[in-house]
>>> print(open('start31.txt').read())   # compact mmCIF, C-alpha atoms
# COMPACT_ATOMS: atom_id res chain seq x y z
CA MET D 29 144.36 102.99 98.95
CA ASN D 30 144.75 104.65 95.59
CA CYS D 31 143.77 107.97 94.07
CA TYR D 32 141.30 106.32 91.72
CA ASP D 33 139.09 104.57 94.25
CA ASN D 34 135.60 104.63 92.70
CA ASN D 35 133.60 103.28 95.64
CA VAL D 36 130.30 105.12 96.00
CA ILE D 37 129.51 106.30 99.51
CA ASP D 38 125.85 106.93 100.37
CA ILE D 39 125.56 110.37 102.01
CA THR D 40 122.31 111.42 103.70
CA GLY D 41 121.46 114.70 105.40
CA LEU D 42 122.36 117.12 102.60
CA CYS D 43 119.95 120.00 102.03
CA CYS D 44 118.27 121.27 98.91
CA PRO D 45 120.08 124.52 97.95
CA GLN D 46 117.01 125.85 96.11
CA ASP D 47 115.03 125.86 99.37
CA THR D 48 117.77 127.83 101.11
CA SER D 49 118.02 130.31 98.21
CA VAL D 50 114.44 131.43 98.80
CA VAL D 51 115.13 132.19 102.48
CA ILE D 52 118.43 134.05 102.01
CA ALA D 53 116.95 136.11 99.17
CA LYS D 54 114.46 137.58 101.66
CA TYR D 55 116.80 137.66 104.69
CA PRO D 56 120.44 138.10 103.57
CA TYR D 57 121.85 137.15 106.97
CA TRP D 58 124.01 134.10 106.30
CA ILE D 59 127.50 132.68 106.35
CA GLN D 60 129.08 129.74 104.59
CA MET D 61 131.70 127.72 106.40
CA TYR D 62 133.98 124.84 105.59
CA ILE D 63 134.69 122.36 108.39
CA THR D 64 137.58 119.92 108.00
CA GLU D 65 137.81 117.05 110.47
CA THR D 66 139.92 114.00 111.09
CA LEU D 67 137.68 111.34 112.62
CA CYS D 68 138.97 108.06 114.04
CA VAL D 69 136.87 105.04 115.01
CA PRO D 70 136.88 104.29 118.75
CA PRO D 71 139.43 101.74 120.01
CA GLN D 72 136.77 99.11 120.75
CA LYS D 73 135.67 99.09 117.08
CA PRO D 74 137.41 97.03 114.37
CA ASP D 75 139.57 98.55 111.64
CA VAL D 76 137.89 99.91 108.49
CA GLU D 77 138.10 98.29 105.09
CA GLU D 78 135.57 100.51 103.33
CA ILE D 79 133.21 103.37 104.15
CA ASN D 80 129.60 102.51 103.20
CA SER D 81 127.61 105.58 104.22
CA VAL D 82 127.58 108.82 106.18
CA ASN D 83 124.55 110.40 107.82
CA ILE D 84 124.86 113.99 109.01
CA GLN D 85 122.61 116.47 110.76
CA VAL D 86 123.24 119.80 112.44
CA ASN D 87 122.04 120.77 115.90
CA ILE D 88 122.04 124.47 116.80
CA LEU D 89 122.81 124.59 120.53
CA ARG D 90 122.96 128.30 121.31
CA GLN D 91 122.64 131.68 119.66
CA LYS D 92 123.03 135.23 120.89
CA VAL D 93 123.18 138.70 119.32
CA VAL D 94 126.16 140.74 120.53
CA LYS D 95 127.35 144.30 119.98
CA THR D 96 130.34 144.80 117.68
CA PRO D 97 132.22 147.74 116.19
CA ILE D 98 130.68 149.46 113.18
CA ALA D 99 132.84 149.64 110.04
CA ASP D 100 132.41 150.26 106.33
CA ILE D 101 133.10 147.55 103.78
CA ASN D 102 136.63 146.14 103.90
CA LEU D 103 138.65 144.69 101.03
CA GLU D 104 136.92 141.31 101.45
CA GLY D 105 133.52 142.97 101.00
CA LYS D 106 132.47 142.58 104.64
CA LYS D 107 130.66 145.27 106.59
CA LEU D 108 130.24 145.50 110.36
CA THR D 109 126.79 146.76 111.34
CA GLY D 110 127.28 146.86 115.10
CA ARG D 111 125.55 143.50 115.64
CA LYS D 112 126.53 139.86 115.15
CA LEU D 113 124.56 136.70 115.81
CA ILE D 114 126.90 134.22 117.48
CA VAL D 115 125.90 130.62 116.67
CA GLU D 116 127.15 127.51 118.45
CA GLY D 117 126.25 124.12 117.08
CA GLN D 118 127.24 120.54 116.61
CA LEU D 119 127.66 118.26 113.61
CA CYS D 120 126.04 114.91 114.49
CA GLN D 121 127.39 112.19 112.23
CA LYS D 122 127.19 108.44 111.78
CA VAL D 123 129.72 106.64 109.59
CA VAL D 124 128.76 103.10 108.57
CA TYR D 125 131.64 100.93 107.41
CA THR D 126 132.68 97.41 106.51
CA ALA D 127 135.22 96.02 108.95
CA LEU D 128 138.65 94.88 107.87
CA ASP D 129 138.17 91.32 109.13
CA ASP D 130 137.38 87.90 107.70
CA GLU D 131 133.63 88.27 108.28
CA GLN D 132 133.55 91.77 106.76
CA SER D 133 130.90 92.73 109.30
CA VAL D 134 129.22 96.14 109.13
CA HIS D 135 129.76 98.62 111.98
CA SER D 136 128.99 102.25 112.70
CA ALA D 137 130.75 105.00 114.57
CA HIS D 138 129.09 108.18 115.86
CA PHE D 139 130.87 111.54 115.96
CA TYR D 140 129.76 114.84 117.51
CA VAL D 141 131.85 117.79 116.39
CA PRO D 142 131.22 121.29 117.82
CA PHE D 143 131.45 124.46 115.74
CA SER D 144 131.04 128.17 116.27
CA ALA D 145 130.28 130.91 113.75
CA TYR D 146 128.88 134.39 113.50
CA ILE D 147 126.41 136.01 111.14
CA VAL D 148 126.43 139.78 110.67
CA VAL D 149 122.89 141.08 111.24
CA PRO D 150 121.54 144.64 110.93
CA LYS D 151 121.57 146.89 113.97
CA GLU D 152 117.82 147.32 113.63
CA ILE D 153 115.06 145.40 111.87
CA THR D 154 111.71 146.79 110.78
CA PHE D 155 108.65 144.64 111.42
CA GLY D 156 105.48 145.77 109.72
CA VAL D 157 105.42 149.43 108.68
CA ASP D 158 106.87 151.40 111.60
CA ASP D 159 108.01 148.84 114.16
CA VAL D 160 111.83 149.30 114.26
CA ILE D 161 113.54 147.01 116.80
CA ASP D 162 117.18 146.68 117.84
CA SER D 163 118.60 143.27 116.87
CA LEU D 164 119.62 142.74 120.50
CA ASP D 165 115.89 142.41 121.26
CA ILE D 166 115.01 139.98 118.44
CA ASN D 167 115.00 136.18 118.29
CA TYR D 168 116.41 134.53 115.18
CA GLN D 169 115.64 131.15 113.72
CA VAL D 170 119.00 129.72 112.61
CA ASN D 171 118.76 127.31 109.68
CA ALA D 172 121.60 124.95 108.80
CA CYS D 173 122.12 123.60 105.30
CA VAL D 174 124.78 120.93 104.72
CA GLU D 175 125.61 121.70 101.10
CA ASP D 176 128.34 119.13 100.58
CA LEU D 177 130.23 116.40 102.39
CA SER D 178 133.30 114.50 101.28
CA ILE D 179 135.06 111.73 103.15
CA LYS D 180 138.19 109.70 102.48
CA MET D 181 140.01 107.03 104.46
CA ILE D 182 143.48 108.15 105.54
CA SER D 183 144.26 104.99 107.49
CA GLU D 184 142.52 101.81 108.61
CA ARG D 185 141.16 103.74 111.61
CA CYS D 186 140.74 107.35 110.49
CA PHE D 187 138.93 109.43 107.89
CA LEU D 188 139.42 112.93 106.55
CA LYS D 189 136.02 114.59 106.21
CA ASN D 190 135.06 118.00 104.81
CA VAL D 191 131.66 119.63 105.28
CA THR D 192 130.38 122.74 103.51
CA LEU D 193 127.78 124.31 105.79
CA LEU D 194 125.51 127.30 105.17
CA LEU D 195 123.98 128.97 108.23
CA SER D 196 121.17 131.48 107.73
CA ALA D 197 119.25 133.57 110.23
CA VAL D 198 115.61 134.64 109.99
CA PRO D 199 114.29 137.24 112.46
CA THR D 200 111.20 135.73 114.07
CA GLN D 201 109.98 137.69 117.08
CA LEU D 202 110.83 139.81 120.05
CA CYS D 203 112.79 138.26 122.91
>>> encode(input="start31.txt", output="structure tokens")
Amino acid sequence: MNCYDNNVIDITGLCCPQDTSVVIAKYPYWIQMYITETLCVPPQKPDVEEINSVNIQVNILRQKVVKTPIADINLEGKKLTGRKLIVEGQLCQKVVYTALDDEQSVHSAHFYVPFSAYIVVPKEITFGVDDVIDSLDINYQVNACVEDLSIKMISERCFLKNVTLLLSAVPTQLC
């Protein structure tokens, strides 16, 4: 391995940031997270010569609004409203690679990596003109946008992978 490896890896599953921009402009309830992982192919699979492609998708498994303290803006620019949307999800990934053997056969390995995050939401949301509802009583549609993915072999069996993920929440209806 060298620092100037120019092999192109096909990455599928990235979102279109322009589509997400429209949503978060209307509903500014979002968080960006950076997930670093070390992934190793299972023992029954052959060693890796080269990574060919990565396919990624995000599954949102659970979400729940919880009460939190209320605080003004801190030095990082964050404000606590008294409500947070807790989000639990999973990165579902398939890495396709060429084996380090005489046949140079192509194999794939599947990885499921859990994550947890929170999105600060307002204490109350107004629907229509006068319908003010506590966020504890609202459902949210959580959208996941994989903005970027990078992957690099660190051995013949393992990869270092970084994912930049944007989670946004859109209030949809009453619980």
>>> closest_residue(input="start31.txt", among="D:Arg185, D:Gln85, D:Asn80, D:His135", to="D:Leu42", atoms="only C-alpha atoms")
D:Gln85
>>> residues_around(input="start31.txt", residues="D:Met61", least_positions_apart="6", cutoff="10 Å", atoms="all atoms listed in the file", output="list in words")
Phe143, Ser144, Ala145, Val174, Val191, Thr192, Leu193, Leu194 and Leu195 of chain D
>>> residues_around(input="start31.txt", residues="D:Thr48", least_positions_apart="3", cutoff="9 Å", atoms="only C-alpha atoms", output="compact mmCIF listing (two decimals) with C-alpha atoms, in the frame of the given file")
# COMPACT_ATOMS: atom_id res chain seq x y z
CA CYS D 43 119.95 120.00 102.03
CA CYS D 44 118.27 121.27 98.91
CA PRO D 45 120.08 124.52 97.95
CA VAL D 51 115.13 132.19 102.48
CA ILE D 52 118.43 134.05 102.01
CA ALA D 53 116.95 136.11 99.17
CA ASN D 171 118.76 127.31 109.68
CA CYS D 173 122.12 123.60 105.30
CA LEU D 194 125.51 127.30 105.17
CA SER D 196 121.17 131.48 107.73
>>> residues_around(input="start31.txt", residues="D:Pro56", least_positions_apart="6", cutoff="9 Å", atoms="all atoms listed in the file", output="number ranges by chain")
D: 149, 196-198
>>> atom_distance(input="start31.txt", atom1="atom CA of D:Val141", atom2="atom CA of D:Asn167")
25.0 Å
>>> closest_residue(input="start31.txt", among="D:Ile182, D:Leu188, D:Ala172, D:Ile147", to="D:Thr109", atoms="only C-alpha atoms")
D:Ile147
>>> atom_distance(input="start31.txt", atom1="atom CA of D:Tyr140", atom2="atom CA of D:Leu177")
15.2 Å
>>> atom_distance(input="start31.txt", atom1="atom CA of D:Thr96", atom2="atom CA of D:Tyr57")
15.7 Å
>>> residues_around(input="start31.txt", residues="D:Pro74", least_positions_apart="5", cutoff="12 Å", atoms="only C-alpha atoms", output="short mmCIF file (atom, residue, chain, number, x, y, z; two decimals) with C-alpha atoms, in the frame of the given file")
data_model
loop_
_atom_site.label_atom_id
_atom_site.label_comp_id
_atom_site.auth_asym_id
_atom_site.auth_seq_id
_atom_site.Cartn_x
_atom_site.Cartn_y
_atom_site.Cartn_z
CA CYS D 68 138.97 108.06 114.04
CA VAL D 69 136.87 105.04 115.01
CA TYR D 125 131.64 100.93 107.41
CA THR D 126 132.68 97.41 106.51
CA ALA D 127 135.22 96.02 108.95
CA LEU D 128 138.65 94.88 107.87
CA ASP D 129 138.17 91.32 109.13
CA ASP D 130 137.38 87.90 107.70
CA GLU D 131 133.63 88.27 108.28
CA GLN D 132 133.55 91.77 106.76
CA SER D 133 130.90 92.73 109.30
CA VAL D 134 129.22 96.14 109.13
CA HIS D 135 129.76 98.62 111.98
CA SER D 136 128.99 102.25 112.70
CA ALA D 137 130.75 105.00 114.57
CA GLU D 184 142.52 101.81 108.61
CA ARG D 185 141.16 103.74 111.61
CA CYS D 186 140.74 107.35 110.49
#
>>> closest_residue(input="start31.txt", among="D:Leu164, D:Met181, D:Val148, D:Val123", to="D:Pro70", atoms="only C-alpha atoms")
D:Val123
>>> closest_residue(input="start31.txt", among="D:Ile63, D:Leu103, D:Ile161, D:Ile166", to="D:Gln118", atoms="only C-alpha atoms")
D:Ile63
>>> residues_around(input="start31.txt", residues="D:Phe155", least_positions_apart="2", cutoff="12 Å", atoms="all atoms listed in the file", output="ChimeraX atom specification")
/D:152-153,157-163,166,199-202
>>> axis_aligned_box(input="start31.txt", around="stretch 75-82 of chain D", padding_each_side="4 Å", output="JSON")
{"center_x": 133.6, "center_y": 103.6, "center_z": 107.4, "size_x": 20.0, "size_y": 18.5, "size_z": 16.4}
>>> residues_near_point(input="start31.txt", point="(124.3, 107.8, 103.0)", cutoff="8 Å", atoms="only C-alpha atoms", output="ChimeraX atom specification")
/D:37-41,80-83
>>> write_last_selection(input="start31.txt", atoms="C-alpha atoms", output="PDB file, in the coordinates of the input")
ATOM      1  CA  ILE D  37     129.510 106.300  99.510  1.00  0.00           C
ATOM      2  CA  ASP D  38     125.850 106.930 100.370  1.00  0.00           C
ATOM      3  CA  ILE D  39     125.560 110.370 102.010  1.00  0.00           C
ATOM      4  CA  THR D  40     122.310 111.420 103.700  1.00  0.00           C
ATOM      5  CA  GLY D  41     121.460 114.700 105.400  1.00  0.00           C
ATOM      6  CA  ASN D  80     129.600 102.510 103.200  1.00  0.00           C
ATOM      7  CA  SER D  81     127.610 105.580 104.220  1.00  0.00           C
ATOM      8  CA  VAL D  82     127.580 108.820 106.180  1.00  0.00           C
ATOM      9  CA  ASN D  83     124.550 110.400 107.820  1.00  0.00           C
TER      10      ASN D  83
END
>>> build_atoms(input="start31.txt", residues="stretch 115-149 of chain D", atoms="N, CA and C atoms", output="PDB file, in the frame of the given file")
ATOM      1  N   VAL D 115     126.587 131.916 116.777  1.00  0.00           N
ATOM      2  CA  VAL D 115     125.900 130.620 116.670  1.00  0.00           C
ATOM      3  C   VAL D 115     126.857 129.524 117.116  1.00  0.00           C
ATOM      4  N   GLU D 116     126.402 128.692 118.032  1.00  0.00           N
ATOM      5  CA  GLU D 116     127.150 127.510 118.450  1.00  0.00           C
ATOM      6  C   GLU D 116     126.322 126.287 118.094  1.00  0.00           C
ATOM      7  N   GLY D 117     126.971 125.306 117.496  1.00  0.00           N
ATOM      8  CA  GLY D 117     126.250 124.120 117.080  1.00  0.00           C
ATOM      9  C   GLY D 117     127.120 122.889 117.116  1.00  0.00           C
ATOM     10  N   GLN D 118     126.560 121.838 116.582  1.00  0.00           N
ATOM     11  CA  GLN D 118     127.240 120.540 116.610  1.00  0.00           C
ATOM     12  C   GLN D 118     126.876 119.755 115.359  1.00  0.00           C
ATOM     13  N   LEU D 119     127.891 119.194 114.701  1.00  0.00           N
ATOM     14  CA  LEU D 119     127.660 118.260 113.610  1.00  0.00           C
ATOM     15  C   LEU D 119     127.463 116.877 114.247  1.00  0.00           C
ATOM     16  N   CYS D 120     126.334 116.247 113.977  1.00  0.00           N
ATOM     17  CA  CYS D 120     126.040 114.910 114.490  1.00  0.00           C
ATOM     18  C   CYS D 120     126.140 113.955 113.300  1.00  0.00           C
ATOM     19  N   GLN D 121     127.062 113.001 113.394  1.00  0.00           N
ATOM     20  CA  GLN D 121     127.390 112.190 112.230  1.00  0.00           C
ATOM     21  C   GLN D 121     127.477 110.711 112.585  1.00  0.00           C
ATOM     22  N   LYS D 122     127.043 109.890 111.643  1.00  0.00           N
ATOM     23  CA  LYS D 122     127.190 108.440 111.780  1.00  0.00           C
ATOM     24  C   LYS D 122     127.874 107.922 110.526  1.00  0.00           C
ATOM     25  N   VAL D 123     128.995 107.252 110.705  1.00  0.00           N
ATOM     26  CA  VAL D 123     129.720 106.640 109.590  1.00  0.00           C
ATOM     27  C   VAL D 123     129.513 105.134 109.692  1.00  0.00           C
ATOM     28  N   VAL D 124     128.951 104.548 108.632  1.00  0.00           N
ATOM     29  CA  VAL D 124     128.760 103.100 108.570  1.00  0.00           C
ATOM     30  C   VAL D 124     129.862 102.545 107.678  1.00  0.00           C
ATOM     31  N   TYR D 125     130.508 101.473 108.155  1.00  0.00           N
ATOM     32  CA  TYR D 125     131.640 100.930 107.410  1.00  0.00           C
ATOM     33  C   TYR D 125     131.699  99.416 107.484  1.00  0.00           C
ATOM     34  N   THR D 126     132.396  98.839 106.512  1.00  0.00           N
ATOM     35  CA  THR D 126     132.680  97.410 106.510  1.00  0.00           C
ATOM     36  C   THR D 126     134.006  97.205 107.207  1.00  0.00           C
ATOM     37  N   ALA D 127     134.011  96.259 108.149  1.00  0.00           N
ATOM     38  CA  ALA D 127     135.220  96.020 108.950  1.00  0.00           C
ATOM     39  C   ALA D 127     136.282  95.276 108.133  1.00  0.00           C
ATOM     40  N   LEU D 128     137.503  95.541 108.490  1.00  0.00           N
ATOM     41  CA  LEU D 128     138.650  94.880 107.870  1.00  0.00           C
ATOM     42  C   LEU D 128     138.917  93.585 108.658  1.00  0.00           C
ATOM     43  N   ASP D 129     138.011  92.625 108.488  1.00  0.00           N
ATOM     44  CA  ASP D 129     138.170  91.320 109.130  1.00  0.00           C
ATOM     45  C   ASP D 129     137.627  90.246 108.198  1.00  0.00           C
ATOM     46  N   ASP D 130     137.797  88.999 108.574  1.00  0.00           N
ATOM     47  CA  ASP D 130     137.380  87.900 107.700  1.00  0.00           C
ATOM     48  C   ASP D 130     135.876  87.879 107.443  1.00  0.00           C
ATOM     49  N   GLU D 131     135.085  88.272 108.446  1.00  0.00           N
ATOM     50  CA  GLU D 131     133.630  88.270 108.280  1.00  0.00           C
ATOM     51  C   GLU D 131     133.131  89.473 107.495  1.00  0.00           C
ATOM     52  N   GLN D 132     133.936  90.509 107.388  1.00  0.00           N
ATOM     53  CA  GLN D 132     133.550  91.770 106.760  1.00  0.00           C
ATOM     54  C   GLN D 132     132.215  92.279 107.317  1.00  0.00           C
ATOM     55  N   SER D 133     132.114  92.265 108.636  1.00  0.00           N
ATOM     56  CA  SER D 133     130.900  92.730 109.300  1.00  0.00           C
ATOM     57  C   SER D 133     130.754  94.243 109.136  1.00  0.00           C
ATOM     58  N   VAL D 134     129.514  94.711 109.277  1.00  0.00           N
ATOM     59  CA  VAL D 134     129.220  96.140 109.130  1.00  0.00           C
ATOM     60  C   VAL D 134     129.100  96.760 110.520  1.00  0.00           C
ATOM     61  N   HIS D 135     129.755  97.894 110.697  1.00  0.00           N
ATOM     62  CA  HIS D 135     129.760  98.620 111.980  1.00  0.00           C
ATOM     63  C   HIS D 135     129.449 100.079 111.726  1.00  0.00           C
ATOM     64  N   SER D 136     129.177 100.795 112.813  1.00  0.00           N
ATOM     65  CA  SER D 136     128.990 102.250 112.700  1.00  0.00           C
ATOM     66  C   SER D 136     129.722 102.940 113.834  1.00  0.00           C
ATOM     67  N   ALA D 137     130.108 104.164 113.562  1.00  0.00           N
ATOM     68  CA  ALA D 137     130.750 105.000 114.570  1.00  0.00           C
ATOM     69  C   ALA D 137     130.056 106.359 114.548  1.00  0.00           C
ATOM     70  N   HIS D 138     129.782 106.900 115.731  1.00  0.00           N
ATOM     71  CA  HIS D 138     129.090 108.180 115.860  1.00  0.00           C
ATOM     72  C   HIS D 138     130.102 109.249 116.276  1.00  0.00           C
ATOM     73  N   PHE D 139     129.961 110.429 115.672  1.00  0.00           N
ATOM     74  CA  PHE D 139     130.870 111.540 115.960  1.00  0.00           C
ATOM     75  C   PHE D 139     130.049 112.802 116.178  1.00  0.00           C
ATOM     76  N   TYR D 140     130.416 113.568 117.198  1.00  0.00           N
ATOM     77  CA  TYR D 140     129.760 114.840 117.510  1.00  0.00           C
ATOM     78  C   TYR D 140     130.844 115.903 117.531  1.00  0.00           C
ATOM     79  N   VAL D 141     130.784 116.805 116.556  1.00  0.00           N
ATOM     80  CA  VAL D 141     131.850 117.790 116.390  1.00  0.00           C
ATOM     81  C   VAL D 141     131.255 119.195 116.578  1.00  0.00           C
ATOM     82  N   PRO D 142     131.743 119.935 117.583  1.00  0.00           N
ATOM     83  CA  PRO D 142     131.220 121.290 117.820  1.00  0.00           C
ATOM     84  C   PRO D 142     131.763 122.289 116.802  1.00  0.00           C
ATOM     85  N   PHE D 143     130.991 123.351 116.579  1.00  0.00           N
ATOM     86  CA  PHE D 143     131.450 124.460 115.740  1.00  0.00           C
ATOM     87  C   PHE D 143     130.882 125.756 116.284  1.00  0.00           C
ATOM     88  N   SER D 144     131.492 126.841 115.889  1.00  0.00           N
ATOM     89  CA  SER D 144     131.040 128.170 116.270  1.00  0.00           C
ATOM     90  C   SER D 144     131.189 129.077 115.062  1.00  0.00           C
ATOM     91  N   ALA D 145     130.243 129.989 114.888  1.00  0.00           N
ATOM     92  CA  ALA D 145     130.280 130.910 113.750  1.00  0.00           C
ATOM     93  C   ALA D 145     129.547 132.182 114.152  1.00  0.00           C
ATOM     94  N   TYR D 146     129.656 133.179 113.298  1.00  0.00           N
ATOM     95  CA  TYR D 146     128.880 134.390 113.500  1.00  0.00           C
ATOM     96  C   TYR D 146     128.271 134.836 112.183  1.00  0.00           C
ATOM     97  N   ILE D 147     127.112 135.461 112.302  1.00  0.00           N
ATOM     98  CA  ILE D 147     126.410 136.010 111.140  1.00  0.00           C
ATOM     99  C   ILE D 147     126.205 137.501 111.421  1.00  0.00           C
ATOM    100  N   VAL D 148     126.668 138.348 110.528  1.00  0.00           N
ATOM    101  CA  VAL D 148     126.430 139.780 110.670  1.00  0.00           C
ATOM    102  C   VAL D 148     124.948 140.040 110.414  1.00  0.00           C
ATOM    103  N   VAL D 149     124.301 140.718 111.369  1.00  0.00           N
ATOM    104  CA  VAL D 149     122.890 141.080 111.240  1.00  0.00           C
ATOM    105  C   VAL D 149     122.778 142.603 111.333  1.00  0.00           C
TER     106      VAL D 149
END
